[in-house]
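Enquirer: final02.json (JSON, C-alpha atoms and all ligand atoms) pasted underneath:
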[["chain", "number", "residue", "atom", "x", "y", "z"],
["D", 1, "MET", "CA", 97.31, 93.99, 80.25],
["D", 2, "GLY", "CA", 98.07, 96.13, 77.22],
["D", 3, "THR", "CA", 95.20, 97.49, 75.18],
["D", 4, "LEU", "CA", 91.62, 96.33, 75.59],
["D", 5, "PRO", "CA", 89.19, 96.56, 72.65],
["D", 6, "ALA", "CA", 87.07, 99.66, 72.15],
["D", 7, "GLY", "CA", 83.75, 99.26, 73.91],
["D", 8, "THR", "CA", 85.26, 97.52, 76.94],
["D", 9, "THR", "CA", 83.66, 98.96, 80.07],
["D", 10, "GLN", "CA", 84.90, 96.51, 82.66],
["D", 11, "THR", "CA", 87.76, 94.17, 83.24],
["D", 12, "THR", "CA", 89.43, 92.19, 86.02],
["D", 13, "LEU", "CA", 92.66, 93.12, 87.73],
["D", 14, "ALA", "CA", 94.57, 89.94, 88.47],
["D", 15, "LEU", "CA", 97.92, 88.98, 89.88],
["D", 16, "THR", "CA", 99.54, 86.08, 91.65],
["D", 17, "THR", "CA", 101.91, 86.22, 94.58],
["D", 18, "ASN", "CA", 104.56, 83.69, 95.57],
["D", 19, "GLU", "CA", 103.04, 83.27, 99.01],
["D", 20, "ALA", "CA", 99.63, 83.75, 100.55],
["D", 21, "ALA", "CA", 98.87, 87.41, 101.00],
["D", 22, "THR", "CA", 96.11, 89.97, 101.17],
["D", 23, "CYS", "CA", 96.36, 92.53, 98.38],
["D", 24, "ARG", "CA", 94.97, 96.01, 98.04],
["D", 25, "TYR", "CA", 95.09, 98.50, 95.22],
["D", 26, "SER", "CA", 94.90, 102.20, 94.63],
["D", 27, "PRO", "CA", 94.52, 104.37, 91.55],
["D", 28, "SER", "CA", 97.31, 106.56, 92.96],
["D", 29, "ALA", "CA", 100.98, 105.60, 93.18],
["D", 30, "GLY", "CA", 102.94, 105.63, 96.42],
["D", 31, "VAL", "CA", 100.05, 104.94, 98.79],
["D", 32, "PRO", "CA", 101.18, 102.82, 101.78],
["D", 33, "TYR", "CA", 99.40, 99.48, 102.18],
["D", 34, "ASP", "CA", 97.66, 100.59, 105.38],
["D", 35, "ALA", "CA", 96.27, 103.66, 103.64],
["D", 36, "MET", "CA", 94.85, 101.76, 100.67],
["D", 37, "THR", "CA", 91.06, 101.59, 100.83],
["D", 38, "GLN", "CA", 90.38, 99.03, 98.07],
["D", 39, "THR", "CA", 91.04, 95.36, 98.76],
["D", 40, "PHE", "CA", 90.97, 92.79, 95.95],
["D", 41, "ALA", "CA", 87.60, 91.03, 95.82],
["D", 42, "THR", "CA", 89.42, 87.71, 95.75],
["D", 43, "THR", "CA", 92.55, 87.67, 97.90],
["D", 44, "GLY", "CA", 94.16, 85.93, 100.86],
["D", 45, "GLY", "CA", 95.77, 83.12, 98.87],
["D", 46, "THR", "CA", 98.23, 83.49, 96.03],
["D", 47, "ALA", "CA", 95.69, 84.41, 93.29],
["D", 48, "HIS", "CA", 94.15, 87.84, 93.57],
["D", 49, "SER", "CA", 91.51, 89.47, 91.41],
["D", 50, "ALA", "CA", 89.23, 92.46, 91.45],
["D", 51, "PRO", "CA", 86.64, 93.69, 88.93],
["D", 52, "VAL", "CA", 86.94, 97.27, 87.73],
["D", 53, "SER", "CA", 84.18, 99.00, 85.81],
["D", 54, "GLY", "CA", 83.38, 102.39, 84.36],
["D", 55, "LEU", "CA", 86.06, 102.11, 81.67],
["D", 56, "VAL", "CA", 85.68, 104.36, 78.65],
["D", 57, "ASP", "CA", 87.02, 104.19, 75.11],
["D", 58, "GLY", "CA", 90.39, 105.88, 74.77],
["D", 59, "GLY", "CA", 91.01, 105.78, 78.53],
["D", 60, "SER", "CA", 94.36, 104.94, 80.17],
["D", 61, "TYR", "CA", 94.24, 103.25, 83.55],
["D", 62, "ALA", "CA", 96.80, 102.35, 86.20],
["D", 63, "PHE", "CA", 96.29, 100.56, 89.49],
["D", 64, "TYR", "CA", 99.01, 100.24, 92.10],
["D", 65, "VAL", "CA", 99.04, 97.07, 94.16],
["D", 66, "ARG", "CA", 100.60, 96.25, 97.51],
["D", 67, "CYS", "CA", 100.19, 93.05, 99.48],
["D", 68, "LEU", "CA", 100.54, 91.98, 103.10],
["D", 69, "ASP", "CA", 101.81, 88.46, 103.78],
["D", 70, "ALA", "CA", 101.04, 86.16, 106.71],
["D", 71, "ALA", "CA", 104.00, 87.56, 108.60],
["D", 72, "ALA", "CA", 102.49, 91.03, 108.27],
["D", 73, "ASN", "CA", 105.16, 92.17, 105.88],
["D", 74, "ALA", "CA", 103.74, 94.70, 103.41],
["D", 75, "ASN", "CA", 105.32, 95.59, 100.07],
["D", 76, "PRO", "CA", 107.23, 98.81, 100.42],
["D", 77, "ASP", "CA", 106.83, 99.45, 96.68],
["D", 78, "ASP", "CA", 103.94, 99.51, 94.24],
["D", 79, "PHE", "CA", 103.28, 96.77, 91.72],
["D", 80, "ALA", "CA", 101.65, 98.60, 88.83],
["D", 81, "ILE", "CA", 98.92, 97.16, 86.58],
["D", 82, "SER", "CA", 98.26, 99.48, 83.68],
["D", 83, "PHE", "CA", 96.21, 99.24, 80.50],
["D", 84, "THR", "CA", 94.36, 101.30, 77.98],
["D", 85, "VAL", "CA", 91.00, 100.90, 76.26],
["D", 86, "ALA", "CA", 91.30, 101.49, 72.53],
["D", 87, "ALA", "CA", 89.66, 104.58, 71.13],
["D", 88, "ARG", "CA", 86.68, 103.89, 68.95],
["D", 89, "VAL", "CA", 87.56, 104.33, 65.34],
["D", 90, "GLY", "CA", 85.38, 106.70, 63.39],
["D", 91, "VAL", "CA", 82.33, 105.68, 61.47],
["D", 92, "SER", "CA", 83.11, 104.96, 57.86],
["D", 93, "LEU", "CA", 80.54, 105.33, 55.17],
["D", 94, "VAL", "CA", 80.22, 102.20, 53.03],
["D", 95, "PHE", "CA", 77.35, 103.49, 50.90],
["D", 96, "SER", "CA", 75.36, 106.68, 50.76],
["D", 97, "ASP", "CA", 72.63, 107.90, 48.44],
["D", 98, "ASP", "CA", 70.54, 111.02, 48.90],
["D", 99, "PHE", "CA", 68.92, 110.47, 45.49],
["D", 100, "GLU", "CA", 69.87, 113.94, 44.31],
["D", 101, "THR", "CA", 71.85, 112.35, 41.49],
["D", 102, "ASP", "CA", 71.53, 109.02, 39.70],
["D", 103, "HIS", "CA", 73.59, 106.32, 41.41],
["D", 104, "GLY", "CA", 72.34, 103.57, 39.16],
["D", 105, "TRP", "CA", 69.23, 102.11, 40.76],
["D", 106, "THR", "CA", 67.32, 99.70, 38.51],
["D", 107, "ARG", "CA", 63.53, 99.51, 38.47],
["D", 108, "ASN", "CA", 61.94, 96.07, 38.09],
["D", 109, "PRO", "CA", 65.38, 94.37, 38.10],
["D", 110, "ASN", "CA", 63.94, 90.85, 38.00],
["D", 111, "GLY", "CA", 61.26, 91.61, 35.41],
["D", 112, "THR", "CA", 58.58, 90.34, 37.78],
["D", 113, "ASP", "CA", 56.82, 93.56, 38.78],
["D", 114, "THR", "CA", 53.05, 93.64, 38.40],
["D", 115, "ALA", "CA", 52.24, 97.26, 39.30],
["D", 116, "THR", "CA", 50.78, 99.34, 36.48],
["D", 117, "THR", "CA", 51.02, 102.81, 38.09],
["D", 118, "GLY", "CA", 52.94, 104.36, 40.97],
["D", 119, "LEU", "CA", 56.17, 102.75, 39.86],
["D", 120, "TRP", "CA", 59.31, 103.57, 41.85],
["D", 121, "GLU", "CA", 61.21, 106.49, 40.42],
["D", 122, "ARG", "CA", 63.87, 108.92, 41.57],
["D", 123, "GLY", "CA", 62.58, 112.47, 41.40],
["D", 124, "ASP", "CA", 61.06, 115.55, 42.94],
["D", 125, "PRO", "CA", 57.72, 114.42, 44.39],
["D", 126, "GLN", "CA", 54.51, 116.42, 44.23],
["D", 127, "ALA", "CA", 52.24, 116.47, 47.27],
["D", 128, "VAL", "CA", 49.14, 114.26, 47.23],
["D", 129, "SER", "CA", 46.46, 114.53, 49.85],
["D", 130, "TYR", "CA", 43.45, 112.31, 50.54],
["D", 131, "ASN", "CA", 42.16, 112.49, 54.12],
["D", 132, "GLY", "CA", 45.62, 113.87, 54.96],
["D", 133, "PRO", "CA", 48.96, 113.71, 53.16],
["D", 134, "LYS", "CA", 49.57, 110.46, 51.29],
["D", 135, "GLN", "CA", 52.55, 111.64, 49.22],
["D", 136, "LEU", "CA", 54.80, 114.38, 50.55],
["D", 137, "GLY", "CA", 56.03, 117.22, 48.37],
["D", 138, "THR", "CA", 59.10, 117.53, 50.60],
["D", 139, "THR", "CA", 62.07, 115.20, 50.90],
["D", 140, "VAL", "CA", 64.49, 114.58, 53.76],
["D", 141, "SER", "CA", 67.46, 115.87, 51.77],
["D", 142, "GLY", "CA", 67.53, 118.12, 48.75],
["D", 143, "VAL", "CA", 64.54, 117.92, 46.43],
["D", 144, "ASN", "CA", 64.63, 114.30, 45.25],
["D", 145, "ALA", "CA", 63.77, 110.93, 46.74],
["D", 146, "LEU", "CA", 62.67, 107.50, 45.58],
["D", 147, "VAL", "CA", 58.89, 107.69, 45.35],
["D", 148, "THR", "CA", 56.06, 105.62, 43.96],
["D", 149, "GLY", "CA", 54.96, 107.82, 41.05],
["D", 150, "ARG", "CA", 56.24, 111.32, 41.82],
["D", 151, "LEU", "CA", 53.48, 113.30, 40.06],
["D", 152, "ALA", "CA", 50.27, 114.30, 41.81],
["D", 153, "GLY", "CA", 48.00, 113.88, 38.80],
["D", 154, "SER", "CA", 44.39, 114.93, 38.66],
["D", 155, "SER", "CA", 43.31, 112.99, 41.75],
["D", 156, "ALA", "CA", 44.92, 111.09, 44.64],
["D", 157, "GLY", "CA", 44.44, 107.78, 42.88],
["D", 158, "THR", "CA", 46.09, 108.79, 39.60],
["D", 159, "HIS", "CA", 49.72, 108.03, 40.42],
["D", 160, "ASP", "CA", 49.53, 105.84, 43.54],
["D", 161, "ILE", "CA", 50.54, 102.19, 43.26],
["D", 162, "ASP", "CA", 48.00, 100.09, 41.40],
["D", 163, "GLY", "CA", 47.96, 96.52, 40.23],
["D", 164, "GLY", "CA", 50.65, 94.84, 42.36],
["D", 165, "VAL", "CA", 54.34, 95.12, 43.16],
["D", 166, "THR", "CA", 56.85, 97.75, 42.08],
["D", 167, "SER", "CA", 60.53, 97.23, 42.89],
["D", 168, "ILE", "CA", 63.83, 99.05, 42.52],
["D", 169, "ARG", "CA", 67.34, 97.79, 43.21],
["D", 170, "SER", "CA", 70.47, 99.63, 44.25],
["D", 171, "PRO", "CA", 73.83, 99.26, 42.55],
["D", 172, "VAL", "CA", 75.98, 96.48, 44.02],
["D", 173, "ILE", "CA", 77.71, 97.29, 47.28],
["D", 174, "ALA", "CA", 80.75, 95.48, 48.68],
["D", 175, "LEU", "CA", 80.23, 95.15, 52.41],
["D", 176, "PRO", "CA", 83.33, 95.10, 54.61],
["D", 177, "SER", "CA", 83.94, 91.85, 56.45],
["D", 178, "THR", "CA", 84.46, 93.52, 59.84],
["D", 179, "GLY", "CA", 82.80, 95.99, 62.15],
["D", 180, "ASP", "CA", 79.20, 96.82, 62.88],
["D", 181, "LEU", "CA", 77.38, 97.34, 59.60],
["D", 182, "THR", "CA", 74.17, 99.35, 59.71],
["D", 183, "LEU", "CA", 71.72, 100.18, 56.95],
["D", 184, "SER", "CA", 69.78, 103.37, 57.68],
["D", 185, "PHE", "CA", 67.18, 105.14, 55.59],
["D", 186, "SER", "CA", 64.29, 107.57, 55.73],
["D", 187, "TYR", "CA", 60.92, 106.34, 54.55],
["D", 188, "TYR", "CA", 57.20, 106.66, 54.68],
["D", 189, "PHE", "CA", 54.44, 104.23, 53.82],
["D", 190, "ALA", "CA", 51.00, 105.78, 53.48],
["D", 191, "HIS", "CA", 47.61, 104.35, 52.63],
["D", 192, "ALA", "CA", 43.93, 105.07, 52.79],
["D", 193, "SER", "CA", 41.52, 103.02, 54.90],
["D", 194, "ASN", "CA", 40.80, 100.78, 51.90],
["D", 195, "SER", "CA", 44.26, 99.20, 52.38],
["D", 196, "SER", "CA", 44.92, 95.74, 53.82],
["D", 197, "SER", "CA", 47.80, 93.59, 55.00],
["D", 198, "ALA", "CA", 48.32, 92.55, 51.37],
["D", 199, "ASP", "CA", 49.88, 95.99, 50.76],
["D", 200, "PHE", "CA", 53.47, 96.55, 51.86],
["D", 201, "LEU", "CA", 56.73, 98.43, 51.78],
["D", 202, "ARG", "CA", 59.74, 96.13, 52.04],
["D", 203, "VAL", "CA", 63.49, 96.54, 52.10],
["D", 204, "ARG", "CA", 65.36, 93.40, 51.17],
["D", 205, "ILE", "CA", 69.05, 92.59, 50.97],
["D", 206, "VAL", "CA", 70.08, 90.58, 47.95],
["D", 207, "GLY", "CA", 73.30, 88.73, 48.72],
["D", 208, "GLY", "CA", 73.96, 85.00, 48.81],
["D", 209, "THR", "CA", 70.25, 84.82, 49.60],
["D", 210, "THR", "CA", 67.50, 87.44, 49.56],
["D", 211, "THR", "CA", 66.44, 88.52, 53.04],
["D", 212, "THR", "CA", 63.71, 90.94, 54.07],
["D", 213, "VAL", "CA", 65.23, 93.27, 56.67],
["D", 214, "PHE", "CA", 62.38, 95.78, 56.95],
["D", 215, "GLU", "CA", 58.65, 95.52, 56.28],
["D", 216, "GLN", "CA", 55.62, 97.70, 56.81],
["D", 217, "ARG", "CA", 52.21, 96.26, 56.00],
["D", 218, "GLY", "CA", 48.98, 97.99, 55.18],
["D", 219, "ALA", "CA", 45.84, 97.89, 57.28],
["D", 220, "ALA", "CA", 42.24, 99.01, 56.94],
["D", 221, "THR", "CA", 43.08, 102.36, 58.52],
["D", 222, "ASP", "CA", 44.05, 105.76, 57.17],
["D", 223, "ARG", "CA", 47.82, 106.22, 57.49],
["D", 224, "ASP", "CA", 49.30, 109.56, 56.50],
["D", 225, "ALA", "CA", 52.72, 110.09, 54.98],
["D", 226, "VAL", "CA", 55.27, 111.21, 57.59],
["D", 227, "TRP", "CA", 59.00, 110.84, 57.07],
["D", 228, "GLY", "CA", 60.53, 108.45, 59.60],
["D", 229, "THR", "CA", 63.85, 106.65, 59.90],
["D", 230, "ALA", "CA", 64.82, 103.02, 60.21],
["D", 231, "SER", "CA", 68.09, 101.26, 60.94],
["D", 232, "VAL", "CA", 68.85, 97.58, 60.55],
["D", 233, "SER", "CA", 71.99, 95.56, 61.13],
["D", 234, "LEU", "CA", 73.70, 94.12, 58.08],
["D", 235, "ASN", "CA", 76.27, 92.20, 60.12],
["D", 236, "SER", "CA", 74.98, 88.88, 58.81],
["D", 237, "PHE", "CA", 75.93, 90.04, 55.29],
["D", 238, "ALA", "CA", 79.49, 91.08, 56.22],
["D", 239, "GLY", "CA", 81.99, 90.45, 53.45],
["D", 240, "GLN", "CA", 79.29, 89.90, 50.82],
["D", 241, "ILE", "CA", 78.54, 91.77, 47.63],
["D", 242, "ILE", "CA", 74.96, 92.89, 48.10],
["D", 243, "SER", "CA", 72.32, 95.13, 46.66],
["D", 244, "ILE", "CA", 69.33, 96.73, 48.32],
["D", 245, "LEU", "CA", 65.95, 95.80, 46.84],
["D", 246, "ILE", "CA", 63.02, 98.03, 47.73],
["D", 247, "GLU", "CA", 59.51, 96.78, 47.03],
["D", 248, "ALA", "CA", 56.09, 98.32, 47.51],
["D", 249, "ALA", "CA", 52.72, 96.92, 46.58],
["D", 250, "ASP", "CA", 49.06, 97.58, 46.21],
["D", 251, "ALA", "CA", 48.04, 93.94, 46.31],
["D", 252, "GLY", "CA", 44.75, 92.30, 47.16],
["D", 253, "SER", "CA", 41.82, 94.61, 46.52],
["D", 254, "PRO", "CA", 42.72, 98.04, 45.08],
["D", 255, "SER", "CA", 43.66, 100.71, 47.60],
["D", 256, "LEU", "CA", 45.41, 104.07, 47.80],
["D", 257, "VAL", "CA", 49.05, 103.25, 48.58],
["D", 258, "GLU", "CA", 52.16, 105.46, 48.40],
["D", 259, "ALA", "CA", 55.73, 105.02, 49.63],
["D", 260, "ALA", "CA", 58.99, 106.92, 49.51],
["D", 261, "ILE", "CA", 62.63, 106.42, 50.52],
["D", 262, "ASP", "CA", 65.41, 108.97, 50.98],
["D", 263, "ASP", "CA", 68.93, 109.14, 52.43],
["D", 264, "VAL", "CA", 70.03, 105.52, 52.34],
["D", 265, "THR", "CA", 73.34, 104.90, 54.09],
["D", 266, "ILE", "CA", 75.39, 101.90, 55.13],
["D", 267, "THR", "CA", 77.93, 102.59, 57.86],
["D", 268, "GLN", "CA", 80.73, 100.55, 59.39],
["D", 269, "ARG", "CA", 81.66, 101.17, 63.03],
["D", 301, "CA", "CA", 67.02, 113.44, 48.77],
["D", 302, "CA", "CA", 52.52, 108.57, 43.79],
["D", 303, "CA", "CA", 46.18, 101.86, 44.38]]
Would you give me this structure, written as structure tokens?

Expert:
Amino acid sequence: MGTLPAGTTQTTLALTTNEAATCRYSPSAGVPYDAMTQTFATTGGTAHSAPVSGLVDGGSYAFYVRCLDAAANANPDDFAISFTVAARVGVSLVFSDDFETDHGWTRNPNGTDTATTGLWERGDPQAVSYNGPKQLGTTVSGVNALVTGRLAGSSAGTHDIDGGVTSIRSPVIALPSTGDLTLSFSYYFAHASNSSSADFLRVRIVGGTTTTVFEQRGAATDRDAVWGTASVSLNSFAGQIISILIEAADAGSPSLVEAAIDDVTITQR
């Protein structure tokens, strides 16, 4: 059977005999037919099969088969079925940005942004509190993150998003054409109770088309800033040249809205 792909947890042992027989198998070699405890699930004719499960990546397996024909003649020797399950290859990093240095993100890449304050920037954020933290002074890694207006200003509303949408786009990233591709990032989206569903934080993938892969919307509730993580599959963009477009908005009626992003990675497994 050779080598099965990584991730295989079950397979089917199968063999054919040149006459009708009842076949058994054992994980140990040299076990006489009568002493074998496992009989093929399908047997008695010339095609024999049995499911085996519990396989793990990197494992090597051997099963020893003996059969008894209609004349009650049992094989004196083992017929061996052996195979391995491929080891899982390591995770490779396709893209990584902790925002401690400038990797070439572009604010307002399409020239369509409408926000007047709280524009996305890479930097060391200052804490802002209004009925709880709305902008965090800490980041997930190092001291820098992407944040909507990093300064605290004289009041909570000084450097939050106002006036509409602010966007920032990553450098271009060549996605591999194979494997499991996962975009992961840390984020928060915070707003006061004057927010609404018009406000949002969005992560979009710009490839052949532009697709929203993550969205948080505002609501008329107080939502504090707390770093969380998100992961989304990028498998549908495999083989494409993409960029990551991050958008946040104070849209509709004015509200206190802040967002931040840190530690963006794309992995291939
Ligand atoms: Ca960071
Ligand atoms: Ca801000
Ligand atoms: Ca605002």

Enquirer: Which residue out of D:Glu247, D:Glu258, D:Glu215, D:Asp180 has the minimum interatomic distance to ligand CA 302 (chain D) when all atoms listed in the file are used?

Expert: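 The shortest atom-to-atom distance to ligand CA 302 (chain D) comes from D:Glu258.
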
Enquirer: Can you measure CA of Ala259 in chain D to CA of Ala174 in chain D for me? One decimal in Å is fine.

Expert: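 Interatomic distance here is 26.8 Å.
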
Enquirer: Just the number, please: distance in Å from CA of Ala14 in chain D to CA of Thr42 in chain D, one decimal.

Expert: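 Pair CA of Ala14 in chain D / CA of Thr42 in chain D returns 9.2 Å.
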
Enquirer: To one decimal place, how far is CA of Val264 in chain D from CA of Ser129 in chain D in Å?

Expert: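 Result for CA of Val264 in chain D versus CA of Ser129 in chain D: 25.4 Å, one decimal.
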
Enquirer: Around ligand CA 302 (chain D), at most 6 Å away and counting only C-alpha atoms and all ligand atoms, which residues are there? Put them as a PyMOL selection string, please.

Expert: chain D and resi 118+148-150+159-160+258

Enquirer: Hey, which residues sit close to ligand CA 301 (chain D)? Say within 10 Å, counting all atoms listed in the file, and write them as number ranges by chain.

Expert: D: 97-101, 122-124, 138-146, 186, 261-264

Enquirer: Using all atoms listed in the file for the distances, tell me which of D:Ala74, D:Val213, D:Ala35, D:Ala156 is nearest to ligand CA 303 (chain D).

Expert: D:Ala156

Enquirer: At a cut-off of 6 Å and counting all atoms listed in the file, what residues surround ligand CA 303 (chain D)? Please answer as an mmCIF file with C-alpha atoms, in the frame of the given file.

Expert:
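Now in selection-v9.cif:
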data_model
loop_
_atom_site.group_PDB
_atom_site.id
_atom_site.type_symbol
_atom_site.label_atom_id
_atom_site.label_comp_id
_atom_site.auth_asym_id
_atom_site.auth_seq_id
_atom_site.Cartn_x
_atom_site.Cartn_y
_atom_site.Cartn_z
ATOM 1 C CA ASP D 160 49.530 105.840 43.540
ATOM 2 C CA ILE D 161 50.540 102.190 43.260
ATOM 3 C CA ASP D 162 48.000 100.090 41.400
ATOM 4 C CA ASP D 250 49.060 97.580 46.210
ATOM 5 C CA PRO D 254 42.720 98.040 45.080
ATOM 6 C CA SER D 255 43.660 100.710 47.600
ATOM 7 C CA LEU D 256 45.410 104.070 47.800
ATOM 8 C CA VAL D 257 49.050 103.250 48.580
#

Enquirer: Under the rule that all atoms listed in the file are counted, which of D:Asn108, D:Ser170, D:Thr43, D:Ser92 is the nearest residue to Thr267 in chain D?

Expert: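 That would be D:Ser92, the residue with the smallest distance to Thr267 in chain D.
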
Enquirer: D:Met36, D:Val128, D:Ile205, D:Leu93: which is nearest Pro176 in chain D, counting all atoms listed in the file?

Expert: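 Of D:Met36, D:Val128, D:Ile205, D:Leu93, the one nearest Pro176 in chain D is D:Leu93, counting all atoms listed in the file.
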
Enquirer: Closest to Ile168 in chain D among D:Ala225, D:Ile246, D:Leu151, D:Leu15, using only C-alpha atoms?

Expert: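 Of D:Ala225, D:Ile246, D:Leu151, D:Leu15, the one nearest Ile168 in chain D is D:Ile246, counting only C-alpha atoms.
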
Enquirer: Counting all atoms listed in the file, which residue out of D:Ser243, D:Ser96, D:Ser167, D:Thr46 sits closest to Pro109 in chain D?

Expert: D:Ser167

Enquirer: Find the residues around Cys67 in chain D up to 9 Å (all atoms listed in the file counted), leave out those fewer than 4 positions away in its own chain, and share them as a list in words.

Expert: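 Counting only the stated atoms, we get Thr17, Ala21, Thr22, Cys23, Arg24, Tyr25, Tyr33, Asn73, Ala74 and Asn75 of chain D.
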
Enquirer: Mind checking which residues fall within 12 Å of Thr9 in chain D, counting only C-alpha atoms, ignoring those fewer than 3 positions away in the same chain, and posting them as a ChimeraX atom specification?

Expert: /D:4-6,12,51-59,61,84-86

Enquirer: Each side padded by 3 Å, which centre and which edge lengths in Å (one decimal) define the axis-aligned box around the listed atoms of range 225-242 of chain D? Give them as lines of an AutoDock Vina configuration file.

Expert:
center_x = 67.4
center_y = 100.0
center_z = 54.4
size_x = 35.3
size_y = 28.3
size_z = 19.5
